Amino acid sequence: MKYIRIGIYILLVFFLFFPFFILPRIIKIKNIECYNQYGLCSNEFLTKVNPVLGESFYSAKKKITDEFKKTKLIENYSFRIKLPFTLRIDLILKKAKYALQNNIIHETVVLDDKGVILEKVETTNLPYILTVDNFPNLGEPVESKKTFALEIIYGIYYLYQVKSGEIVNDSLEVKIPEAGKVIFPLVGEKDILLGSMKLILSRLNQEENSPKIGKVKEIDLRYKNPVIRFY
């Protein structure tokens with residue numbers, strides 16, 4: 001009787017732990033689903049995990065974990081099996097601050113506060129800059145001039161809720177409602193440039209009886225002394 005009870009306990013332990021220790025080693029992955037906080041993972045991201053198709057869940061999880069350790073994009077991640085043969089991956093990417101959009105090929109990427117590209121997306125609600133330049137790969141930073149321009153547009157969005165600008169001929173152009181176009185250099189002191197813009201716009205708005213109100217074409221901040229051009 002004693003041995004029967006021991007046998008029953010062994011069987012119970014076996015059936016309790018079978019799904020956790022045995023199944024992951026025998027289930028072969030035929031499909032991969034990948035999601036992050038923005039929606040589906042990009043095709044570029046999926047190319048990094050698709051090579052594990054056909055392997056066991058245990059092996060696939062180990063190899064993908066090793067791959068994830070090489071990237072700077074991911075804050076956290078988890079895996080689970082969706083029976084019978086699907087591996088579900090859930091990612092938390094590092095927080096995006098702003099975006100770049102290539103207006104030639106209509107491609108958009110989101111970036112963190114250091115200018116590192118986190119993900120390709122279809123649409124975004126983040127402040128963004130239009131450019132004709134190609135982007136680096138995921139996990140790589142954009143050049144410092146673009147990061148500077150992104151910081152400028154982020155500041156303008158905070159001040160005036162204008163969320164887009166465009167890099168044109170080595171400068172950033174932003175259209176401010178009722179103030180015309182504001183042109184920024186791609187190097188310099190961000191806070192000084194934004195402060196100068198804010199001061200100029202404030203003074204223009206105070207001149208209620210001035211015939212120049214509504215006639216501003218451009219405010220050019222690329223010079224030591226800002227230049228205001230009128231229609």
# chains A, B, ... in the order shown; residues from 1 in each chain; ligands from 1
>>> select_by_dssp(residues="range 2-228 of chain A", states="strand (DSSP E or B)", output="ChimeraX atom specification")
/A:28,31-36,39-40,56,74-82,86-93,98-102,107-111,116-121,128-131,141,164-168,171-176,180-185,216-220,227-228
>>> write_last_selection(atoms="C-alpha atoms", output="PDB file, in the first residue's frame")
ATOM      1  CA  LYS A  28       8.026  22.682 -32.523  1.00  0.00           C
ATOM      2  CA  ASN A  31       4.281  30.428 -36.140  1.00  0.00           C
ATOM      3  CA  ILE A  32       5.475  33.529 -34.309  1.00  0.00           C
ATOM      4  CA  GLU A  33       3.293  36.385 -33.079  1.00  0.00           C
ATOM      5  CA  CYS A  34       5.112  39.509 -31.908  1.00  0.00           C
ATOM      6  CA  TYR A  35       3.569  42.595 -30.308  1.00  0.00           C
ATOM      7  CA  ASN A  36       4.872  45.724 -28.608  1.00  0.00           C
ATOM      8  CA  GLY A  39       1.032  47.243 -32.062  1.00  0.00           C
ATOM      9  CA  LEU A  40       2.556  44.556 -34.260  1.00  0.00           C
ATOM     10  CA  SER A  56      11.401  23.611 -29.937  1.00  0.00           C
ATOM     11  CA  ILE A  74      13.926  46.492 -25.513  1.00  0.00           C
ATOM     12  CA  GLU A  75      12.945  47.440 -21.983  1.00  0.00           C
ATOM     13  CA  ASN A  76      11.252  44.107 -21.170  1.00  0.00           C
ATOM     14  CA  TYR A  77       9.871  41.011 -22.878  1.00  0.00           C
ATOM     15  CA  SER A  78       7.968  37.789 -22.276  1.00  0.00           C
ATOM     16  CA  PHE A  79       7.178  34.538 -24.112  1.00  0.00           C
ATOM     17  CA  ARG A  80       4.284  32.122 -24.037  1.00  0.00           C
ATOM     18  CA  ILE A  81       3.034  29.150 -26.021  1.00  0.00           C
ATOM     19  CA  LYS A  82      -0.242  29.416 -27.885  1.00  0.00           C
ATOM     20  CA  THR A  86       2.560  29.325 -31.972  1.00  0.00           C
ATOM     21  CA  LEU A  87       5.138  31.329 -30.006  1.00  0.00           C
ATOM     22  CA  ARG A  88       3.761  34.641 -28.682  1.00  0.00           C
ATOM     23  CA  ILE A  89       6.319  37.392 -27.913  1.00  0.00           C
ATOM     24  CA  ASP A  90       5.321  40.550 -26.028  1.00  0.00           C
ATOM     25  CA  LEU A  91       7.792  43.424 -25.936  1.00  0.00           C
ATOM     26  CA  ILE A  92       8.057  46.681 -24.065  1.00  0.00           C
ATOM     27  CA  LEU A  93      10.267  48.952 -26.134  1.00  0.00           C
ATOM     28  CA  TYR A  98       9.631  61.931 -31.137  1.00  0.00           C
ATOM     29  CA  ALA A  99       9.608  60.681 -34.721  1.00  0.00           C
ATOM     30  CA  LEU A 100      11.230  61.114 -38.117  1.00  0.00           C
ATOM     31  CA  GLN A 101       9.364  60.722 -41.374  1.00  0.00           C
ATOM     32  CA  ASN A 102      10.940  60.219 -44.783  1.00  0.00           C
ATOM     33  CA  GLU A 107       8.571  55.695 -43.880  1.00  0.00           C
ATOM     34  CA  THR A 108       8.247  56.705 -40.224  1.00  0.00           C
ATOM     35  CA  VAL A 109      10.418  55.776 -37.255  1.00  0.00           C
ATOM     36  CA  VAL A 110      10.123  56.638 -33.560  1.00  0.00           C
ATOM     37  CA  LEU A 111      13.150  57.536 -31.452  1.00  0.00           C
ATOM     38  CA  VAL A 116      18.136  56.074 -31.096  1.00  0.00           C
ATOM     39  CA  ILE A 117      15.667  54.535 -33.545  1.00  0.00           C
ATOM     40  CA  LEU A 118      13.291  52.246 -31.658  1.00  0.00           C
ATOM     41  CA  GLU A 119      10.738  51.096 -34.205  1.00  0.00           C
ATOM     42  CA  LYS A 120       9.242  51.627 -37.638  1.00  0.00           C
ATOM     43  CA  VAL A 121       5.572  52.577 -37.428  1.00  0.00           C
ATOM     44  CA  TYR A 128       7.943  64.606 -35.900  1.00  0.00           C
ATOM     45  CA  ILE A 129      10.293  65.996 -38.523  1.00  0.00           C
ATOM     46  CA  LEU A 130      10.160  65.427 -42.273  1.00  0.00           C
ATOM     47  CA  THR A 131      13.408  64.581 -44.037  1.00  0.00           C
ATOM     48  CA  PRO A 141      21.278  56.705 -33.404  1.00  0.00           C
ATOM     49  CA  SER A 164       5.845  68.918 -37.235  1.00  0.00           C
ATOM     50  CA  GLY A 165       8.722  70.583 -39.031  1.00  0.00           C
ATOM     51  CA  GLU A 166      10.921  69.877 -42.030  1.00  0.00           C
ATOM     52  CA  ILE A 167      14.668  69.749 -42.571  1.00  0.00           C
ATOM     53  CA  VAL A 168      15.439  71.855 -45.672  1.00  0.00           C
ATOM     54  CA  SER A 171      18.055  74.001 -41.477  1.00  0.00           C
ATOM     55  CA  LEU A 172      14.787  73.241 -39.705  1.00  0.00           C
ATOM     56  CA  GLU A 173      11.646  74.967 -40.946  1.00  0.00           C
ATOM     57  CA  VAL A 174       8.528  75.108 -38.782  1.00  0.00           C
ATOM     58  CA  LYS A 175       5.243  76.799 -39.671  1.00  0.00           C
ATOM     59  CA  ILE A 176       3.666  78.567 -36.692  1.00  0.00           C
ATOM     60  CA  GLY A 180       4.683  82.458 -40.630  1.00  0.00           C
ATOM     61  CA  LYS A 181       7.687  80.197 -41.008  1.00  0.00           C
ATOM     62  CA  VAL A 182      10.386  79.954 -38.354  1.00  0.00           C
ATOM     63  CA  ILE A 183      13.815  78.803 -39.555  1.00  0.00           C
ATOM     64  CA  PHE A 184      16.284  77.237 -37.110  1.00  0.00           C
ATOM     65  CA  PRO A 185      19.907  76.174 -37.527  1.00  0.00           C
ATOM     66  CA  VAL A 216       5.165  88.011 -41.163  1.00  0.00           C
ATOM     67  CA  LYS A 217       6.577  85.660 -43.768  1.00  0.00           C
ATOM     68  CA  GLU A 218       9.618  84.256 -41.970  1.00  0.00           C
ATOM     69  CA  ILE A 219      11.492  84.501 -38.706  1.00  0.00           C
ATOM     70  CA  ASP A 220      15.045  83.417 -39.436  1.00  0.00           C
ATOM     71  CA  VAL A 227      15.877  88.326 -39.236  1.00  0.00           C
ATOM     72  CA  ILE A 228      12.141  88.945 -39.691  1.00  0.00           C
TER      73      ILE A 228
END
>>> select_by_dssp(residues="range 64-177 of chain A", states="helix (DSSP H, G or I)", output="PyMOL selection string")
chain A and resi 64-68+144-160
>>> closest_residue(among="A:Gly195, A:Leu201, A:Ser144, A:Tyr231", to="Glu178 in chain A", atoms="only C-alpha atoms")
A:Leu201
>>> closest_residue(among="A:Asn137, A:Asn43, A:Ser59, A:Ser196", to="Leu73 in chain A", atoms="only C-alpha atoms")
A:Asn137
>>> closest_residue(among="A:Gly188, A:Gly54, A:Gly115, A:Pro127", to="Tyr154 in chain A", atoms="only C-alpha atoms")
A:Pro127
>>> residues_around(residues="Lys190 in chain A", least_positions_apart="3", cutoff="7 Å", atoms="only C-alpha atoms", output="JSON, numbers by chain")
{"A": [152, 193, 194]}
>>> write_last_selection(atoms="C-alpha atoms", output="JSON list (two decimals), in the first residue's frame")
[["chain", "number", "residue", "atom", "x", "y", "z"],
["A", 152, "ILE", "CA", 13.64, 71.90, -31.19],
["A", 193, "LEU", "CA", 16.81, 79.60, -29.97],
["A", 194, "LEU", "CA", 13.44, 78.71, -28.48]]
>>> decode(residues="range 116-131 of chain A", atoms="N, CA and C atoms", output="compact mmCIF listing (two decimals), in the first residue's frame")
# COMPACT_ATOMS: atom_id res chain seq x y z
N VAL A 116 17.99 57.47 -30.64
CA VAL A 116 18.14 56.07 -31.10
C VAL A 116 16.81 55.60 -31.68
N ILE A 117 16.88 55.00 -32.87
CA ILE A 117 15.67 54.53 -33.54
C ILE A 117 15.14 53.28 -32.85
N LEU A 118 13.89 53.35 -32.41
CA LEU A 118 13.29 52.25 -31.66
C LEU A 118 12.45 51.33 -32.53
N GLU A 119 11.71 51.91 -33.47
CA GLU A 119 10.74 51.10 -34.20
C GLU A 119 10.27 51.84 -35.44
N LYS A 120 9.95 51.08 -36.49
CA LYS A 120 9.24 51.63 -37.64
C LYS A 120 7.75 51.52 -37.37
N VAL A 121 7.01 52.56 -37.69
CA VAL A 121 5.57 52.58 -37.43
C VAL A 121 4.83 53.09 -38.66
N GLU A 122 3.54 52.79 -38.70
CA GLU A 122 2.70 53.29 -39.80
C GLU A 122 2.29 54.74 -39.55
N THR A 123 1.87 55.05 -38.32
CA THR A 123 1.47 56.40 -37.94
C THR A 123 1.99 56.70 -36.55
N THR A 124 1.98 57.97 -36.18
CA THR A 124 2.42 58.35 -34.85
C THR A 124 1.76 59.65 -34.42
N ASN A 125 1.55 59.79 -33.12
CA ASN A 125 1.04 61.04 -32.55
C ASN A 125 2.15 61.88 -31.94
N LEU A 126 3.39 61.43 -32.08
CA LEU A 126 4.53 62.15 -31.52
C LEU A 126 4.91 63.34 -32.40
N PRO A 127 5.56 64.35 -31.82
CA PRO A 127 6.13 65.41 -32.66
C PRO A 127 7.11 64.78 -33.66
N TYR A 128 7.09 65.25 -34.90
CA TYR A 128 7.94 64.61 -35.90
C TYR A 128 8.55 65.63 -36.86
N ILE A 129 9.60 65.17 -37.53
CA ILE A 129 10.29 66.00 -38.52
C ILE A 129 10.33 65.25 -39.84
N LEU A 130 10.06 65.97 -40.92
CA LEU A 130 10.16 65.43 -42.27
C LEU A 130 11.59 65.57 -42.78
N THR A 131 12.07 64.55 -43.47
CA THR A 131 13.41 64.58 -44.04
C THR A 131 13.43 63.74 -45.31
